file entry_10.tsv (TSV, C-alpha atoms)
chain	number	residue	atom	x	y	z
A	1	LYS	CA	-33.94	44.59	-5.59
A	2	ASN	CA	-31.11	42.20	-4.73
A	3	THR	CA	-32.69	38.79	-4.05
A	4	LYS	CA	-29.38	36.96	-3.49
A	5	ASN	CA	-29.50	34.44	-0.62
A	6	THR	CA	-33.28	34.62	-0.35
A	7	THR	CA	-35.97	31.99	-0.48
A	8	ILE	CA	-39.20	32.67	-2.35
A	9	HIS	CA	-42.40	31.11	-0.90
A	10	LEU	CA	-45.56	30.98	-3.04
A	11	LEU	CA	-48.72	31.01	-0.89
A	12	TYR	CA	-52.03	30.10	-2.48
A	13	HIS	CA	-55.45	30.77	-0.93
A	14	LYS	CA	-58.54	30.25	-3.06
A	15	ASP	CA	-58.12	32.57	-6.09
A	16	ILE	CA	-55.56	34.82	-4.52
A	17	SER	CA	-51.78	34.24	-4.62
A	18	THR	CA	-49.19	36.24	-2.74
A	19	ILE	CA	-45.43	36.15	-2.73
A	20	SER	CA	-43.43	36.46	0.46
A	21	ILE	CA	-39.65	36.76	0.41
A	22	THR	CA	-37.67	35.77	3.51
A	23	PRO	CA	-33.90	35.79	4.05
A	24	HIS	CA	-32.07	32.47	3.48
A	25	LEU	CA	-29.09	31.75	5.75
A	26	SER	CA	-26.04	30.22	4.06
A	27	TYR	CA	-23.50	28.25	6.10
A	28	ARG	CA	-19.99	27.35	5.02
A	29	THR	CA	-17.84	25.05	7.17
A	30	SER	CA	-14.62	25.41	5.19
A	31	LYS	CA	-12.82	28.18	3.36
A	32	MET	CA	-11.44	27.52	-0.09
A	33	PRO	CA	-7.84	28.60	-0.63
A	34	GLU	CA	-7.66	32.03	-2.17
A	35	THR	CA	-4.59	31.26	-4.27
A	36	PHE	CA	-3.25	28.32	-6.21
A	37	ASP	CA	0.11	26.73	-5.37
A	38	VAL	CA	2.41	28.05	-8.07
A	39	ASP	CA	5.31	25.87	-6.89
A	40	ALA	CA	3.78	22.42	-6.29
A	41	PRO	CA	6.34	19.90	-4.94
A	42	THR	CA	5.58	17.11	-7.40
A	43	LEU	CA	6.79	13.52	-7.54
A	44	ASN	CA	8.91	14.11	-10.66
A	45	ARG	CA	10.66	17.05	-9.03
A	46	TYR	CA	11.43	15.04	-5.89
A	47	VAL	CA	12.91	12.12	-7.83
A	48	MET	CA	15.06	14.36	-10.04
A	49	ASN	CA	16.31	16.49	-7.13
A	50	ASN	CA	17.24	13.43	-5.07
A	51	THR	CA	18.66	11.10	-7.71
A	52	LYS	CA	19.67	13.22	-10.74
A	53	ASP	CA	18.66	10.12	-12.74
A	54	ALA	CA	16.41	10.99	-15.69
A	55	GLU	CA	15.61	7.31	-16.36
A	56	LEU	CA	14.46	6.85	-12.75
A	57	VAL	CA	12.23	9.91	-13.19
A	58	LEU	CA	10.71	8.26	-16.27
A	59	LEU	CA	10.16	5.03	-14.35
A	60	LEU	CA	8.41	6.70	-11.41
A	61	ASN	CA	6.39	8.82	-13.82
A	62	SER	CA	5.22	5.69	-15.65
A	63	LEU	CA	4.32	4.02	-12.37
A	64	ALA	CA	2.46	7.15	-11.30
A	65	THR	CA	0.51	7.15	-14.57
A	66	SER	CA	-0.61	3.57	-13.96
A	67	PHE	CA	-1.63	4.47	-10.39
A	68	LYS	CA	-3.79	7.31	-11.69
A	69	LEU	CA	-5.46	4.97	-14.17
A	70	ILE	CA	-6.08	2.35	-11.49
A	71	ALA	CA	-7.42	4.97	-9.07
A	72	SER	CA	-9.87	6.10	-11.75
A	73	ALA	CA	-11.01	2.54	-12.43
A	74	VAL	CA	-11.41	1.77	-8.72
A	75	GLY	CA	-13.38	4.96	-8.20
A	76	ARG	CA	-15.73	4.10	-11.06
A	77	ALA	CA	-15.94	0.37	-10.38
A	78	GLY	CA	-19.60	0.47	-9.41
A	79	VAL	CA	-21.01	2.58	-12.22
A	80	ALA	CA	-18.72	0.95	-14.81
A	81	GLN	CA	-19.76	-2.55	-13.65
A	82	LEU	CA	-16.21	-3.59	-12.82
A	83	TYR	CA	-17.16	-5.66	-9.79
A	84	GLY	CA	-17.04	-9.45	-9.92
A	85	LEU	CA	-14.77	-12.19	-11.21
A	86	ALA	CA	-13.05	-12.21	-14.58
A	87	GLY	CA	-13.34	-16.00	-14.81
A	88	GLU	CA	-9.62	-16.73	-14.51
A	89	VAL	CA	-7.08	-17.48	-11.78
A	90	ASN	CA	-3.72	-15.74	-11.35
A	91	SER	CA	-0.20	-17.17	-11.03
A	92	THR	CA	-0.73	-18.17	-7.40
A	93	GLY	CA	-4.16	-19.72	-7.82
A	94	ASP	CA	-6.30	-16.79	-6.65
A	95	ASP	CA	-9.50	-15.97	-8.52
A	96	GLN	CA	-8.97	-12.89	-10.67
A	97	LYS	CA	-11.37	-9.99	-10.37
A	98	LYS	CA	-12.18	-7.78	-13.35
A	99	LEU	CA	-10.19	-4.97	-11.76
A	100	ASP	CA	-7.20	-7.31	-11.24
A	101	VAL	CA	-6.99	-7.89	-14.99
A	102	MET	CA	-7.54	-4.24	-15.88
A	103	SER	CA	-5.01	-2.95	-13.32
A	104	ASN	CA	-2.44	-5.46	-14.52
A	105	ASP	CA	-2.86	-4.37	-18.14
A	106	MET	CA	-2.56	-0.72	-17.13
A	107	MET	CA	0.75	-1.31	-15.34
A	108	ILE	CA	2.24	-3.51	-18.04
A	109	ASN	CA	1.35	-1.06	-20.81
A	110	ALA	CA	2.76	1.90	-18.87
A	111	LEU	CA	6.02	0.15	-17.98
A	112	VAL	CA	6.68	-1.56	-21.32
A	113	ASN	CA	6.23	1.76	-23.11
A	114	SER	CA	8.31	3.74	-20.62
A	115	GLY	CA	11.52	2.80	-22.45
A	116	VAL	CA	13.36	2.19	-19.17
A	117	CYS	CA	12.26	-1.36	-18.19
A	118	SER	CA	13.80	-4.68	-19.16
A	119	VAL	CA	11.96	-7.35	-17.13
A	120	LEU	CA	8.55	-7.22	-15.46
A	121	VAL	CA	7.01	-9.63	-12.97
A	122	SER	CA	3.35	-9.39	-11.98
A	123	GLU	CA	1.33	-11.44	-9.54
A	124	GLU	CA	-1.25	-11.83	-12.30
A	125	ASN	CA	1.18	-13.43	-14.81
A	126	GLU	CA	2.60	-16.91	-14.48
A	127	GLU	CA	5.76	-16.02	-16.41
A	128	PRO	CA	7.96	-12.91	-16.40
A	129	ILE	CA	7.51	-10.34	-19.16
A	130	ILE	CA	10.65	-9.63	-21.17
A	131	VAL	CA	10.44	-6.18	-22.74
A	132	PRO	CA	11.38	-6.10	-26.47
A	133	ALA	CA	14.95	-4.99	-27.05
A	134	ASP	CA	13.95	-1.82	-28.90
A	135	ARG	CA	12.03	-0.62	-25.83
A	136	ALA	CA	14.20	-2.11	-23.08
A	137	GLY	CA	15.93	-0.06	-20.38
A	138	LYS	CA	17.94	-0.56	-17.24
A	139	PHE	CA	15.23	-1.38	-14.65
A	140	CYS	CA	13.41	-4.54	-13.64
A	141	VAL	CA	10.09	-4.15	-11.80
A	142	ALA	CA	8.00	-6.61	-9.79
A	143	PHE	CA	4.49	-5.64	-8.73
A	144	ASP	CA	1.16	-6.68	-7.32
A	145	PRO	CA	-1.17	-4.51	-9.41
A	146	LEU	CA	-4.17	-4.65	-7.06
A	147	ASP	CA	-3.42	-5.99	-3.60
A	148	GLY	CA	-6.50	-6.79	-1.52
A	149	SER	CA	-8.75	-7.10	-4.56
A	150	SER	CA	-10.84	-9.79	-2.85
A	151	ASN	CA	-12.29	-6.82	-0.92
A	152	ILE	CA	-13.05	-4.66	-3.94
A	153	ASP	CA	-16.69	-5.71	-4.32
A	154	CYS	CA	-17.48	-4.45	-0.81
A	155	ASN	CA	-15.64	-1.15	-1.36
A	156	VAL	CA	-12.71	-1.76	1.00
A	157	SER	CA	-9.34	-0.05	0.47
A	158	VAL	CA	-6.99	-1.70	-2.03
A	159	GLY	CA	-3.54	-0.82	-3.31
A	160	THR	CA	-0.54	-1.52	-5.52
A	161	ILE	CA	2.89	-2.71	-4.32
A	162	PHE	CA	6.13	-2.60	-6.33
A	163	SER	CA	9.87	-3.21	-6.10
A	164	VAL	CA	12.58	-2.05	-8.51
A	165	TYR	CA	15.96	-3.60	-9.34
A	166	GLU	CA	18.68	-2.64	-11.81
A	167	LYS	CA	19.24	-4.87	-14.82
A	168	LYS	CA	22.24	-7.17	-14.94
A	169	ASP	CA	21.76	-9.63	-17.80
A	170	GLY	CA	18.18	-8.85	-18.75
A	171	SER	CA	16.77	-12.17	-17.52
A	172	VAL	CA	14.38	-13.02	-14.70
A	173	ASN	CA	17.42	-13.67	-12.48
A	174	ASP	CA	17.80	-9.90	-12.24
A	175	LEU	CA	14.77	-9.96	-9.90
A	176	LEU	CA	15.70	-13.03	-7.88
A	177	ARG	CA	17.82	-11.03	-5.46
A	178	SER	CA	17.48	-9.99	-1.84
A	179	GLY	CA	16.21	-6.67	-0.57
A	180	ALA	CA	19.80	-5.44	-0.35
A	181	ASP	CA	19.72	-5.08	-4.16
A	182	CYS	CA	16.28	-3.45	-4.32
A	183	ILE	CA	16.88	0.18	-5.33
A	184	CYS	CA	13.32	1.44	-4.86
A	185	ALA	CA	10.15	0.11	-3.25
A	186	GLY	CA	6.71	1.50	-2.64
A	187	TYR	CA	2.98	1.13	-2.54
A	188	CYS	CA	-0.03	3.16	-3.61
A	189	THR	CA	-3.29	3.03	-1.69
A	190	TYR	CA	-6.69	3.80	-3.21
A	191	SER	CA	-9.19	5.06	-0.66
A	192	SER	CA	-10.47	8.46	0.48
A	193	ALA	CA	-7.30	9.72	-1.20
A	194	THR	CA	-4.83	8.13	-3.60
A	195	GLU	CA	-1.56	8.07	-1.72
A	196	LEU	CA	1.87	6.89	-2.88
A	197	VAL	CA	4.52	5.93	-0.31
A	198	PHE	CA	7.99	4.90	-1.47
A	199	THR	CA	11.66	4.89	-0.61
A	200	PHE	CA	15.03	4.54	-2.31
A	201	GLN	CA	17.61	2.16	-0.89
A	202	GLY	CA	19.33	3.84	2.07
A	203	SER	CA	17.03	6.85	2.01
A	204	THR	CA	13.96	8.18	3.80
A	205	VAL	CA	10.33	7.12	3.34
A	206	GLU	CA	8.25	9.78	1.60
A	207	GLY	CA	4.53	10.16	0.91
A	208	PHE	CA	2.79	11.76	-2.07
A	209	CYS	CA	-0.93	12.40	-2.47
A	210	LEU	CA	-2.68	12.63	-5.83
A	211	ASP	CA	-4.09	16.12	-6.33
A	212	PRO	CA	-6.98	15.59	-8.76
A	213	THR	CA	-7.12	19.28	-9.63
A	214	ILE	CA	-3.73	19.14	-11.35
A	215	GLY	CA	-3.41	15.38	-11.95
A	216	GLU	CA	-0.09	15.14	-10.11
A	217	PHE	CA	1.25	13.39	-7.02
A	218	VAL	CA	2.24	16.11	-4.56
A	219	HIS	CA	4.68	15.70	-1.66
A	220	THR	CA	2.60	15.62	1.55
A	221	ARG	CA	4.43	13.36	4.03
A	222	PHE	CA	8.10	13.97	4.74
A	223	ASP	CA	10.60	11.49	6.23
A	224	MET	CA	7.91	9.15	7.53
A	225	LYS	CA	8.80	7.38	10.78
A	226	PHE	CA	7.20	4.94	13.16
A	227	PRO	CA	5.99	6.76	16.30
A	228	ALA	CA	8.94	6.95	18.69
A	229	ASP	CA	6.91	5.55	21.60
A	230	GLY	CA	5.44	2.73	19.52
A	231	GLY	CA	2.26	4.64	18.78
A	232	LYS	CA	-1.21	3.20	19.15
A	233	ARG	CA	-1.55	-0.25	20.69
A	234	ILE	CA	-2.90	-2.14	17.67
A	235	TYR	CA	-2.30	-5.70	16.55
A	236	SER	CA	-3.29	-6.75	13.04
A	237	CYS	CA	-3.57	-10.39	11.99
A	238	ASN	CA	-5.98	-12.98	10.63
A	239	GLU	CA	-6.99	-14.73	13.85
A	240	GLY	CA	-8.86	-17.31	11.80
A	241	ASN	CA	-5.40	-18.94	11.42
A	242	PHE	CA	-4.78	-19.01	15.19
A	243	ILE	CA	-5.03	-22.80	15.40
A	244	HIS	CA	-2.24	-23.19	12.82
A	245	TRP	CA	0.30	-20.81	14.45
A	246	ASP	CA	3.33	-21.88	16.46
A	247	GLN	CA	3.05	-21.44	20.23
A	248	PRO	CA	5.17	-18.25	20.56
A	249	ILE	CA	2.93	-16.43	18.05
A	250	LYS	CA	-0.16	-17.63	19.91
A	251	ASP	CA	1.33	-16.46	23.21
A	252	ALA	CA	2.22	-13.03	21.77
A	253	VAL	CA	-1.27	-12.45	20.36
A	254	GLU	CA	-2.80	-13.48	23.68
A	255	ALA	CA	-0.46	-11.01	25.40
A	256	PHE	CA	-1.65	-8.23	23.08
A	257	LYS	CA	-5.28	-9.09	23.80
A	258	ASN	CA	-4.85	-9.36	27.56
A	259	GLY	CA	-2.73	-6.25	27.77
A	260	ILE	CA	0.90	-5.19	27.98
A	261	ASP	CA	1.52	-3.21	31.18
A	262	GLY	CA	-2.19	-3.46	31.88
A	263	LYS	CA	-3.23	-1.90	28.57
A	264	PRO	CA	-4.98	-4.25	26.11
A	265	TYR	CA	-4.38	-3.75	22.39
A	266	SER	CA	-7.09	-3.13	19.80
A	267	ALA	CA	-7.52	-5.54	16.90
A	268	ARG	CA	-7.56	-4.03	13.40
A	269	TYR	CA	-7.40	-6.23	10.32
A	270	VAL	CA	-8.52	-5.08	6.87
A	271	GLY	CA	-7.26	-8.03	4.84
A	272	SER	CA	-5.58	-5.72	2.33
A	273	MET	CA	-1.84	-5.62	3.07
A	274	VAL	CA	-1.43	-2.09	1.73
A	275	ALA	CA	-4.19	-0.76	4.02
A	276	ASP	CA	-2.93	-2.64	7.08
A	277	ILE	CA	0.72	-1.65	6.58
A	278	HIS	CA	-0.17	1.98	5.82
A	279	ARG	CA	-2.12	2.21	9.08
A	280	THR	CA	0.68	0.48	11.00
A	281	LEU	CA	3.27	2.87	9.60
A	282	LEU	CA	1.22	5.96	10.45
A	283	TYR	CA	-0.35	4.94	13.76
A	284	GLY	CA	2.05	2.34	15.15
A	285	GLY	CA	1.32	-1.21	16.25
A	286	ILE	CA	2.18	-4.51	14.57
A	287	TYR	CA	1.16	-6.50	11.48
A	288	ILE	CA	1.48	-10.29	11.72
A	289	TYR	CA	1.23	-12.87	8.93
A	290	PRO	CA	3.52	-15.68	10.11
A	291	ALA	CA	4.42	-19.06	8.69
A	292	ASP	CA	2.15	-21.74	10.13
A	293	LYS	CA	1.15	-25.38	9.79
A	294	LYS	CA	-1.18	-24.59	6.89
A	295	SER	CA	1.32	-22.34	5.05
A	296	PRO	CA	4.82	-23.35	6.24
A	297	LYS	CA	6.49	-20.88	3.87
A	298	GLY	CA	4.08	-18.06	4.67
A	299	LYS	CA	1.27	-16.65	2.58
A	300	LEU	CA	2.51	-13.33	1.17
A	301	ARG	CA	4.67	-13.09	-1.95
A	302	CYS	CA	8.31	-12.38	-1.23
A	303	LEU	CA	9.31	-10.44	-4.35
A	304	TYR	CA	6.44	-7.97	-4.69
A	305	GLU	CA	4.93	-7.90	-1.18
A	306	GLY	CA	7.44	-8.95	1.47
A	307	ILE	CA	10.66	-7.31	0.25
A	308	PRO	CA	9.24	-3.91	-0.81
A	309	MET	CA	7.22	-3.54	2.39
A	310	ALA	CA	10.25	-4.61	4.46
A	311	LEU	CA	12.40	-1.93	2.85
A	312	ILE	CA	9.80	0.73	3.65
A	313	ILE	CA	9.24	-0.46	7.22
A	314	GLU	CA	12.93	-0.68	8.08
A	315	GLN	CA	13.80	2.70	6.60
A	316	ALA	CA	10.95	4.23	8.60
A	317	GLY	CA	12.54	2.92	11.81
A	318	GLY	CA	10.52	-0.28	12.14
A	319	ILE	CA	11.34	-3.98	12.07
A	320	ALA	CA	10.45	-6.41	9.28
A	321	SER	CA	10.99	-9.92	10.59
A	322	THR	CA	10.25	-13.36	9.19
A	323	GLY	CA	9.41	-14.73	12.62
A	324	TYR	CA	10.63	-18.30	13.07
A	325	PHE	CA	11.21	-19.46	9.51
A	326	GLU	CA	13.45	-22.19	8.11
A	327	GLY	CA	15.13	-22.76	11.47
A	328	LYS	CA	15.81	-19.17	12.49
A	329	ILE	CA	14.41	-15.68	12.96
A	330	GLY	CA	15.66	-13.33	10.26
A	331	ARG	CA	14.94	-10.18	8.29
A	332	VAL	CA	12.54	-10.25	5.37
A	333	ALA	CA	14.92	-7.99	3.43
A	334	GLU	CA	17.64	-10.67	3.65
A	335	LEU	CA	15.54	-13.32	1.92
A	336	THR	CA	16.53	-14.24	-1.63
A	337	PRO	CA	13.53	-15.37	-3.70
A	338	ASP	CA	14.06	-18.75	-5.39
A	339	ALA	CA	11.11	-18.19	-7.74
A	340	ILE	CA	9.22	-15.11	-8.89
A	341	HIS	CA	6.05	-16.08	-7.02
A	342	CYS	CA	7.58	-17.65	-3.91
A	343	LYS	CA	6.11	-16.78	-0.51
A	344	CYS	CA	7.42	-15.63	2.84
A	345	PRO	CA	6.16	-14.94	6.38
A	346	ILE	CA	5.98	-11.39	7.68
A	347	ILE	CA	5.99	-9.69	11.08
A	348	MET	CA	6.23	-5.90	10.74
A	349	GLY	CA	5.99	-3.16	13.32
A	350	GLY	CA	7.85	-0.95	15.76
A	351	PRO	CA	10.47	-2.26	18.24
A	352	ARG	CA	8.01	-2.11	21.16
A	353	ASP	CA	5.59	-4.57	19.64
A	354	VAL	CA	7.93	-6.83	17.68
A	355	GLY	CA	9.82	-7.14	20.97
A	356	VAL	CA	6.76	-8.81	22.53
A	357	ILE	CA	6.91	-11.55	19.90
A	358	TYR	CA	10.68	-11.92	20.30
A	359	ASP	CA	10.23	-12.32	24.07
A	360	CYS	CA	7.79	-15.16	23.44
A	361	TYR	CA	10.32	-16.86	21.16
A	362	LYS	CA	13.02	-16.44	23.82
A	363	LYS	CA	10.81	-18.16	26.39
A	364	ALA	CA	10.49	-21.05	23.95
A	365	GLY	CA	14.29	-21.34	23.78
A	366	ILE	CA	14.65	-19.83	20.29
A	367	GLU	CA	17.51	-17.41	19.63
A	368	THR	CA	16.25	-13.98	18.66
A	369	PRO	CA	17.98	-10.96	17.09
A	370	THR	CA	18.82	-7.94	19.23
A	371	LEU	CA	16.41	-5.05	18.74
call {"tool": "encode", "arguments": {"input": "entry_10.tsv", "output": "structure tokens"}}
result
Amino acid sequence: KNTKNTTIHLLYHKDISTISITPHLSYRTSKMPETFDVDAPTLNRYVMNNTKDAELVLLLNSLATSFKLIASAVGRAGVAQLYGLAGEVNSTGDDQKKLDVMSNDMMINALVNSGVCSVLVSEENEEPIIVPADRAGKFCVAFDPLDGSSNIDCNVSVGTIFSVYEKKDGSVNDLLRSGADCICAGYCTYSSATELVFTFQGSTVEGFCLDPTIGEFVHTRFDMKFPADGGKRIYSCNEGNFIHWDQPIKDAVEAFKNGIDGKPYSARYVGSMVADIHRTLLYGGIYIYPADKKSPKGKLRCLYEGIPMALIIEQAGGIASTGYFEGKIGRVAELTPDAIHCKCPIIMGGPRDVGVIYDCYKKAGIETPTL
């Protein structure tokens, strides 16, 4: 007889055993797709169709390879004993985690061997990396290989951030340019899914999710935009620095907490820039990391955090402001780095919420840009 989906119970009583067979109910909450996608819209296809630049396809493919490697390492960090410190500090004085070092090596190896890069700058390296002439190409790339890695030991989302420039003379000066010269910027977040978000200068913001069944990034988010109405009322900042902020920033955060139009905002702060910006882009709200008395030039790195995120935010319809910095309020994308690891302040969000901060600056007599 067919015993599929049945449970067999063995009943013992003294010297006698009997077998009773009762039906077993099977529940399924999801239905697997009946067919495979025979025309997957992959990352390589998107880049080629939109740029017709084979070298740019190679660059994004090499970046994607490093993201897959990092995602694998992050996913296996516990069982592979990759938690903890590596015993070194990086270029900006932060303690390096084991995964910081590994992620950095993965990105450098992928990019140096891509054949299309000339100069590399990493948060984990004090000096720029000049690619040997026989492997050099036309792109210069700056990156933070594992942003938010201080959270890695407690299994919080982390990510990678990158910016791309075209080579001029093959020196580090090729990267010391404003966001106006950045031809491509993006980030990859490692969490419940591995998701890549990037944009080309003057183009739309697009999202790609890693499909582990085929090992490719597949196009899943199209022309990403901030919610037209401002989205969810969320403010994101490290309020432990409240005492160091200037008064307009303090007033704006108090306004968010007490409510705009009678509706208080929720506080959400991960401490990983990639995770906080990704949520802000998808849900709405505002991300605040201003200059303050403790860090007068800001805390985040201009070249491989501020500028690439600013390009993404602005091309998604948001605002990427410096706040009050060096005597004025300006755009992060207009900043020109004076060193590869220099820092900058950041205020990023939709017009509704950045406008609250600008209103507080106006009340303090500071000229603000028109939204």
call {"tool": "atom_distance", "arguments": {"input": "entry_10.tsv", "atom1": "CA of Ser163 (chain A)", "atom2": "CA of Lys299 (chain A)"}}
result
18.2 Å
call {"tool": "residues_around", "arguments": {"input": "entry_10.tsv", "residues": "region 103-120 of chain A", "least_positions_apart": "2", "cutoff": "6 Å", "atoms": "all atoms listed in the file", "output": "ChimeraX atom specification"}}
result
/A:62,66,70,99-101,128-131,135-142,145
call {"tool": "write_last_selection", "arguments": {"input": "entry_10.tsv", "atoms": "C-alpha atoms", "output": "short mmCIF file (atom, residue, chain, number, x, y, z; two decimals), in the coordinates of the input"}}
result
data_model
loop_
_atom_site.label_atom_id
_atom_site.label_comp_id
_atom_site.auth_asym_id
_atom_site.auth_seq_id
_atom_site.Cartn_x
_atom_site.Cartn_y
_atom_site.Cartn_z
CA SER A 62 5.22 5.69 -15.65
CA SER A 66 -0.61 3.57 -13.96
CA ILE A 70 -6.08 2.35 -11.49
CA LEU A 99 -10.19 -4.97 -11.76
CA ASP A 100 -7.20 -7.31 -11.24
CA VAL A 101 -6.99 -7.89 -14.99
CA PRO A 128 7.96 -12.91 -16.40
CA ILE A 129 7.51 -10.34 -19.16
CA ILE A 130 10.65 -9.63 -21.17
CA VAL A 131 10.44 -6.18 -22.74
CA ARG A 135 12.03 -0.62 -25.83
CA ALA A 136 14.20 -2.11 -23.08
CA GLY A 137 15.93 -0.06 -20.38
CA LYS A 138 17.94 -0.56 -17.24
CA PHE A 139 15.23 -1.38 -14.65
CA CYS A 140 13.41 -4.54 -13.64
CA VAL A 141 10.09 -4.15 -11.80
CA ALA A 142 8.00 -6.61 -9.79
CA PRO A 145 -1.17 -4.51 -9.41
#
call {"tool": "atom_distance", "arguments": {"input": "entry_10.tsv", "atom1": "CA of Ala320 (chain A)", "atom2": "CA of Cys342 (chain A)"}}
result
17.6 Å
call {"tool": "atom_distance", "arguments": {"input": "entry_10.tsv", "atom1": "CA of Gly215 (chain A)", "atom2": "CA of Ala64 (chain A)"}}
result
10.1 Å
call {"tool": "residues_near_point", "arguments": {"input": "entry_10.tsv", "point": "(-0.9, -9.0, -7.5)", "cutoff": "7 Å", "atoms": "all atoms listed in the file", "output": "ChimeraX atom specification"}}
result
/A:122-124,143-147
call {"tool": "residues_around", "arguments": {"input": "entry_10.tsv", "residues": "Ser203 (chain A)", "least_positions_apart": "3", "cutoff": "10 Å", "atoms": "only C-alpha atoms", "output": "PDB file with C-alpha atoms, in the coordinates of the input"}}
result
ATOM      1  CA  ASN A  50      17.240  13.430  -5.070  1.00  0.00           C
ATOM      2  CA  ILE A 183      16.880   0.180  -5.330  1.00  0.00           C
ATOM      3  CA  CYS A 184      13.320   1.440  -4.860  1.00  0.00           C
ATOM      4  CA  PHE A 198       7.990   4.900  -1.470  1.00  0.00           C
ATOM      5  CA  THR A 199      11.660   4.890  -0.610  1.00  0.00           C
ATOM      6  CA  PHE A 200      15.030   4.540  -2.310  1.00  0.00           C
ATOM      7  CA  GLU A 206       8.250   9.780   1.600  1.00  0.00           C
ATOM      8  CA  ASP A 223      10.600  11.490   6.230  1.00  0.00           C
ATOM      9  CA  LEU A 311      12.400  -1.930   2.850  1.00  0.00           C
ATOM     10  CA  ILE A 312       9.800   0.730   3.650  1.00  0.00           C
ATOM     11  CA  GLN A 315      13.800   2.700   6.600  1.00  0.00           C
ATOM     12  CA  ALA A 316      10.950   4.230   8.600  1.00  0.00           C
TER      13      ALA A 316
END
call {"tool": "closest_residue", "arguments": {"input": "entry_10.tsv", "among": "A:Asn173, A:Ser236, A:Thr51, A:Thr194", "to": "Val218 (chain A)", "atoms": "all atoms listed in the file"}}
result
A:Thr194
call {"tool": "closest_residue", "arguments": {"input": "entry_10.tsv", "among": "A:Glu127, A:Asp181, A:Glu334, A:Asp53", "to": "Tyr165 (chain A)", "atoms": "only C-alpha atoms"}}
result
A:Asp181
